[in-house]
>>> print(open('upload_13.txt').read())   # compact mmCIF, C-alpha atoms and all ligand atoms
# COMPACT_ATOMS: atom_id res chain seq x y z
CA MET W 227 3.48 -33.58 0.21
CA HIS W 228 3.08 -30.34 -1.78
CA LEU W 229 4.49 -27.14 -0.28
CA THR W 230 2.04 -25.00 1.70
CA PRO W 231 1.60 -21.30 0.81
CA ASP W 232 3.75 -20.46 3.85
CA GLU W 233 6.50 -22.77 2.64
CA ILE W 234 6.36 -21.33 -0.86
CA GLU W 235 6.74 -17.86 0.61
CA LEU W 236 9.70 -19.02 2.70
CA TRP W 237 11.33 -20.56 -0.35
CA ALA W 238 10.79 -17.39 -2.40
CA GLU W 239 12.51 -15.46 0.38
CA GLY W 240 15.35 -18.00 0.53
CA LEU W 241 14.35 -19.19 3.99
CA LEU W 242 12.95 -22.68 3.42
CA GLY W 243 14.84 -25.56 5.02
CA ALA W 244 16.78 -28.00 2.84
CA ALA W 245 14.50 -30.98 3.54
CA ARG W 246 11.38 -29.29 2.17
CA THR W 247 13.29 -27.55 -0.62
CA MET W 248 14.11 -31.04 -1.91
CA HIS W 249 10.44 -31.41 -2.83
CA LEU W 250 10.93 -28.85 -5.59
CA THR W 251 13.37 -31.13 -7.37
CA GLU W 252 10.66 -33.76 -7.76
CA CYS W 253 7.47 -31.69 -8.19
CA SER W 254 7.15 -29.45 -11.24
CA LEU W 255 3.79 -28.16 -9.96
CA CYS W 256 5.27 -26.72 -6.78
CA LEU W 257 8.37 -25.51 -8.61
CA ALA W 258 6.31 -23.55 -11.14
CA GLU W 259 4.24 -21.99 -8.36
CA ALA W 260 7.29 -21.18 -6.27
CA GLU W 261 9.03 -19.51 -9.21
CA GLN W 262 5.97 -17.39 -9.98
CA GLU W 263 5.78 -16.42 -6.33
CA ARG W 264 9.40 -15.33 -6.35
CA LYS W 265 8.83 -13.22 -9.47
CA VAL W 266 5.94 -11.40 -7.79
CA LEU W 267 7.93 -10.89 -4.60
CA LEU W 268 10.85 -9.42 -6.53
CA GLU W 269 8.52 -6.99 -8.30
CA LEU W 270 6.90 -6.02 -5.00
CA VAL W 271 10.10 -5.35 -3.09
CA ALA W 272 11.37 -3.24 -6.02
CA LEU W 273 8.40 -0.86 -5.76
CA PRO W 274 9.59 2.72 -5.25
CA ARG W 275 8.31 5.20 -2.71
CA PHE W 276 6.75 8.34 -4.14
CA ALA W 277 7.19 11.89 -2.87
CA PRO W 278 4.33 14.33 -2.32
CA SER W 279 4.65 17.86 -3.72
CA ALA W 280 7.47 20.11 -2.47
CA ARG W 281 5.19 22.29 -0.30
CA PHE W 282 3.63 19.34 1.47
CA ALA W 283 5.27 19.93 4.86
CA ASP W 284 4.38 23.65 4.76
CA HIS W 285 0.75 22.84 4.06
CA VAL W 286 0.69 20.45 7.00
CA MET W 287 2.48 22.81 9.36
CA ALA W 288 0.06 25.62 8.52
CA GLN W 289 -2.72 23.55 10.08
CA VAL W 290 -0.94 22.16 13.11
CA LYS W 291 -1.03 23.67 16.59
CA ILE W 292 2.49 24.76 17.44
CA ARG W 293 3.73 25.55 20.91
CA ALA W 294 4.53 29.27 21.18
CA PRO W 295 7.88 30.29 22.74
CA SER W 296 5.96 31.04 25.96
CA GLY W 297 5.08 27.37 26.16
CA GLU W 298 1.42 27.94 25.28
CA PHE W 299 -0.25 26.52 22.20
CA MET U 39 11.92 12.84 18.53
CA VAL U 40 8.34 11.83 19.31
CA ALA U 41 8.77 12.89 22.94
CA TRP U 42 10.05 16.23 21.77
CA ALA U 43 7.18 16.55 19.31
CA LYS U 44 4.76 15.76 22.14
CA GLN U 45 5.80 19.08 23.67
CA GLY U 46 4.64 20.77 20.49
CA HIS U 47 7.95 21.87 19.05
CA GLU U 48 7.76 22.98 15.44
CA ALA U 49 11.17 21.56 14.47
CA ALA U 50 10.21 18.13 15.82
CA PHE U 51 6.92 18.23 13.91
CA ARG U 52 8.72 19.13 10.70
CA GLU U 53 11.19 16.33 11.23
CA LEU U 54 8.38 13.81 11.70
CA VAL U 55 6.72 15.02 8.50
CA ARG U 56 10.03 14.82 6.64
CA ARG U 57 10.66 11.31 7.90
CA TYR U 58 7.24 9.84 7.16
CA GLU U 59 5.83 11.86 4.25
CA ARG U 60 7.07 9.49 1.55
CA PRO U 61 5.94 6.22 3.14
CA VAL U 62 2.55 7.67 4.08
CA PHE U 63 2.01 9.37 0.74
CA SER U 64 3.10 6.25 -1.17
CA LEU U 65 0.66 4.03 0.72
CA LEU U 66 -2.21 6.46 0.15
CA TYR U 67 -1.32 7.05 -3.49
CA ARG U 68 -1.39 3.33 -4.21
CA MET U 69 -4.62 2.98 -2.24
CA VAL U 70 -6.53 5.72 -4.11
CA ARG U 71 -4.44 6.00 -7.30
CA ASP U 72 -4.98 9.75 -7.51
CA ARG U 73 -2.08 12.07 -6.65
CA ALA U 74 -4.08 15.11 -5.54
CA LEU U 75 -6.44 13.03 -3.45
CA ALA U 76 -3.57 11.05 -1.90
CA GLU U 77 -1.91 14.32 -0.97
CA ASP U 78 -5.10 15.61 0.67
CA LEU U 79 -5.47 12.37 2.62
CA ALA U 80 -1.79 12.47 3.62
CA GLN U 81 -2.22 16.03 4.88
CA GLU U 82 -5.30 15.02 6.81
CA THR U 83 -3.30 12.14 8.30
CA PHE U 84 -0.38 14.27 9.47
CA ILE U 85 -2.63 16.98 10.87
CA LYS U 86 -4.49 14.34 12.87
CA VAL U 87 -1.24 12.74 14.03
CA LEU U 88 0.49 15.96 15.03
CA ASN U 89 -2.52 17.62 16.64
CA GLY U 90 -3.27 14.39 18.49
CA ILE U 91 0.28 13.46 19.33
CA LYS U 92 -0.39 13.65 23.07
CA SER U 93 -2.65 10.62 22.75
CA TYR U 94 0.11 8.56 21.10
CA LYS U 95 1.00 5.50 23.17
CA PRO U 96 4.72 4.69 22.98
CA GLU U 97 4.12 0.93 23.26
CA PHE U 98 2.76 1.17 19.70
CA LYS U 99 5.27 1.68 16.89
CA PHE U 100 5.03 5.33 15.78
CA SER U 101 4.99 4.46 12.08
CA SER U 102 2.22 1.92 12.74
CA TRP U 103 0.15 4.64 14.36
CA ILE U 104 0.57 6.91 11.32
CA PHE U 105 -0.19 4.09 8.87
CA LYS U 106 -3.29 3.16 10.87
CA ILE U 107 -4.63 6.70 10.56
CA ALA U 108 -3.64 6.92 6.89
CA ASN U 109 -5.23 3.58 6.05
CA ASN U 110 -8.44 4.54 7.85
CA ALA U 111 -8.54 7.78 5.87
CA ALA U 112 -8.13 5.86 2.60
CA ILE U 113 -10.71 3.18 3.45
CA ASP U 114 -13.21 5.82 4.65
CA HIS U 115 -12.74 7.68 1.43
CA ILE U 116 -13.18 4.58 -0.71
CA ARG U 117 -16.33 3.61 1.23
CA ARG U 118 -17.74 7.13 1.05
CA ARG U 119 -17.32 7.06 -2.67
CA SER U 120 -18.79 3.55 -2.57
CA ILE U 121 -17.31 2.90 -5.97
CA ASP U 122 -13.69 2.06 -6.13
CA THR U 123 -12.52 4.42 -8.86
CA LEU U 124 -9.23 2.54 -8.94
CA SER U 125 -10.45 -0.70 -10.36
CA LEU U 126 -9.24 -0.89 -13.91
CA ASP U 127 -12.18 -3.09 -14.79
CA GLY U 128 -14.66 -0.55 -13.53
CA ALA U 129 -16.29 -0.43 -10.12
CA PRO U 130 -15.91 -3.62 -8.09
CA ASP U 131 -19.62 -3.54 -7.24
CA ALA U 132 -20.40 -3.60 -10.93
CA GLN U 133 -21.74 -7.11 -11.21
CA THR U 134 -22.66 -7.40 -14.86
CA PRO U 135 -20.24 -7.07 -17.78
CA GLU U 136 -22.30 -4.07 -19.01
CA ALA U 137 -21.96 -2.29 -15.67
CA MET U 138 -18.24 -2.98 -15.62
CA LYS U 139 -17.88 -1.61 -19.11
CA ALA U 140 -19.90 1.49 -18.23
CA THR U 141 -17.76 2.39 -15.23
CA ALA U 142 -14.54 1.53 -17.03
CA ILE U 143 -15.50 3.68 -20.01
CA GLN U 144 -16.33 6.55 -17.68
CA LEU U 145 -12.73 6.44 -16.48
CA ASP U 146 -11.36 6.32 -20.02
CA ALA U 147 -13.54 9.19 -21.18
CA LYS U 148 -11.83 11.73 -18.94
CA GLY U 149 -9.28 13.75 -20.86
CA GLU U 150 -5.72 13.29 -19.68
CA THR U 151 -4.37 16.19 -17.61
CA PRO U 152 -0.64 16.67 -16.89
CA LEU U 153 -1.25 15.22 -13.42
CA GLN U 154 -2.87 12.15 -14.94
CA GLU U 155 0.13 11.76 -17.20
CA VAL U 156 2.33 11.65 -14.11
CA GLU U 157 -0.03 9.12 -12.52
CA ASN U 158 0.07 6.94 -15.61
CA ARG U 159 3.82 7.05 -15.60
CA GLU U 160 4.10 6.30 -11.89
CA LEU U 161 1.34 3.72 -11.56
CA GLY U 162 1.22 2.39 -15.11
CA SER U 163 3.54 -0.61 -14.78
CA ALA U 164 2.04 -4.08 -14.82
CA ILE U 165 2.69 -4.66 -11.13
CA GLU U 166 1.19 -1.28 -10.11
CA ARG U 167 -1.89 -1.95 -12.23
CA ALA U 168 -2.21 -5.39 -10.71
CA ILE U 169 -2.02 -3.89 -7.20
CA GLY U 170 -4.70 -1.42 -8.26
CA ARG U 171 -7.02 -4.32 -9.04
CA LEU U 172 -6.78 -5.81 -5.55
CA ARG U 173 -9.45 -5.20 -2.93
CA PRO U 174 -8.41 -2.20 -0.79
CA GLU U 175 -7.97 -4.43 2.29
CA TYR U 176 -5.60 -6.71 0.40
CA ARG U 177 -3.80 -3.74 -1.07
CA ALA U 178 -3.04 -2.22 2.35
CA CYS U 179 -1.68 -5.53 3.65
CA ILE U 180 0.50 -6.19 0.63
CA LEU U 181 1.92 -2.66 0.65
CA LEU U 182 2.75 -2.74 4.35
CA ARG U 183 4.33 -6.16 3.95
CA HIS U 184 6.43 -5.56 0.87
CA VAL U 185 6.99 -1.83 0.55
CA GLU U 186 7.34 -1.13 4.27
CA GLY U 187 8.76 -4.52 5.24
CA TYR U 188 6.28 -5.01 8.09
CA SER U 189 5.90 -8.40 9.74
CA TYR U 190 2.50 -10.08 9.76
CA GLU U 191 2.20 -9.23 13.46
CA GLU U 192 2.91 -5.55 12.83
CA ILE U 193 0.36 -5.45 10.02
CA ALA U 194 -2.25 -7.07 12.27
CA ALA U 195 -1.60 -4.45 14.97
CA THR U 196 -1.59 -1.58 12.47
CA LEU U 197 -4.78 -2.55 10.68
CA ASP U 198 -6.61 -3.96 13.73
CA LEU U 199 -7.01 -7.33 12.06
CA PRO U 200 -6.54 -10.85 13.44
CA LEU U 201 -3.19 -12.35 12.47
CA GLY U 202 -4.86 -15.18 10.55
CA THR U 203 -6.83 -12.68 8.47
CA VAL U 204 -3.67 -10.79 7.57
CA LYS U 205 -2.01 -14.01 6.41
CA THR U 206 -5.05 -14.99 4.37
CA TYR U 207 -5.28 -11.55 2.76
CA ILE U 208 -1.61 -11.54 1.82
CA HIS U 209 -1.68 -15.04 0.38
CA ARG U 210 -4.82 -14.31 -1.61
CA ALA U 211 -3.42 -10.98 -2.76
CA ARG U 212 -0.22 -12.57 -4.00
CA ASN U 213 -2.20 -15.31 -5.78
CA GLU U 214 -4.26 -12.63 -7.51
CA LEU U 215 -1.13 -10.66 -8.43
CA ARG U 216 0.42 -13.79 -9.88
CA GLY U 217 -2.73 -14.36 -11.89
CA TYR U 218 -2.85 -10.78 -13.22
CA LEU U 219 0.81 -10.84 -14.16
CA GLU U 220 0.43 -14.23 -15.87
CA ASP U 221 -2.62 -12.96 -17.80
CA ARG U 222 -0.61 -9.99 -18.96
CA ARG U 223 2.29 -12.20 -20.08
CA ALA U 224 -0.15 -14.42 -21.95
CA GLU U 225 -1.70 -11.34 -23.62
CA THR U 226 1.70 -10.00 -24.59
CA ARG U 227 2.67 -13.36 -26.00
CA GLY U 228 -0.65 -13.51 -27.86
CA ARG U 229 -0.07 -10.06 -29.39
CA ASP U 230 3.54 -10.65 -30.37
CA GLY U 231 2.98 -14.26 -31.36
CA PRO U 232 3.22 -15.64 -34.87
ZN ZN W 301 4.46 -30.37 -4.93
>>> encode(input="upload_13.txt", output="structure tokens")
Amino acid sequence: MHLTPDEIELWAEGLLGAARTMHLTECSLCLAEAEQERKVLLELVALPRFAPSARFADHVMAQVKIRAPSGEF
Amino acid sequence: MVAWAKQGHEAAFRELVRRYERPVFSLLYRMVRDRALAEDLAQETFIKVLNGIKSYKPEFKFSSWIFKIANNAAIDHIRRRSIDTLSLDGAPDAQTPEAMKATAIQLDAKGETPLQEVENRELGSAIERAIGRLRPEYRACILLRHVEGYSYEEIAATLDLPLGTVKTYIHRARNELRGYLEDRRAETRGRDGP
């Protein structure tokens, strides 16, 4: 039986059990799909995080209600 | 930290902004693909979060709460605009090839500002462009899953979606990404071919 999308994802993450992984040795269809899936996953997990501009926090803080030393907002 | 922030302390607020500004900004930037707009939406998100911090329920993951507000801001914006300016093929509601061409050309026609140069550099890779072509709902799921490392359950709670829907979105999104990346490889091969 062909691998399900869930199984392909597990394989791409290195988490698929040995019994089902065996299927890939006999099915080029599933193997091709699984390899493509792994390529996409590798590109996705390598995505960087971006930073906002340097004054971002100051701009936010200027519009947030801060507790005064007296304890009042 | 959150408990401290709940008392309205400036240092705690600043620490929360410092901790979450990159993840929140990155999500929004990839959702709207416009740096200035993403920054406005990120500001709006943090102001809402910090001014409303007393209503935060600790049984919910704090980052999930921020992402929920950020995602709502992005989706609201995209709906308000009604056209998805991010689609590289033109607006998604453009049904005919002519309409697609018209909206796509509109995007091309804008002169490139220094900010747009940065955007092209940051979001110009094949995978970023492919993400930009996904439906916004798919995009949010895929980003939370793979950039933030959220589980399906956490994504469902964050985006108020049934678990099955989240799984479907992510599988469809990855199929589409695979398709876009394959198309690009085929194009590249076609160009460089004999
Ligand atoms: Zn198979």
>>> residues_near_point(input="upload_13.txt", point="(-0.2, -30.3, -0.3)", cutoff="12 Å", atoms="all atoms listed in the file", output="VMD selection string")
chain W and resid 227 to 234 246 249 253 255 to 256
>>> interface_residues(input="upload_13.txt", of="chain W", to="chain U", cutoff="7 Å", atoms="all atoms listed in the file", output="number ranges by chain")
W: 262-263, 266, 269-271, 273, 275-278, 283, 286, 289-293
>>> atom_distance(input="upload_13.txt", atom1="CA of Tyr207 in chain U", atom2="CA of Tyr176 in chain U")
5.4 Å
>>> residues_near_point(input="upload_13.txt", point="(6.5, -2.5, 9.7)", cutoff="7 Å", atoms="only C-alpha atoms", output="MDAnalysis selection string")
chainID U and resid 102 182 186:189 192:193
>>> atom_distance(input="upload_13.txt", atom1="CA of Lys106 in chain U", atom2="CA of Thr196 in chain U")
5.3 Å
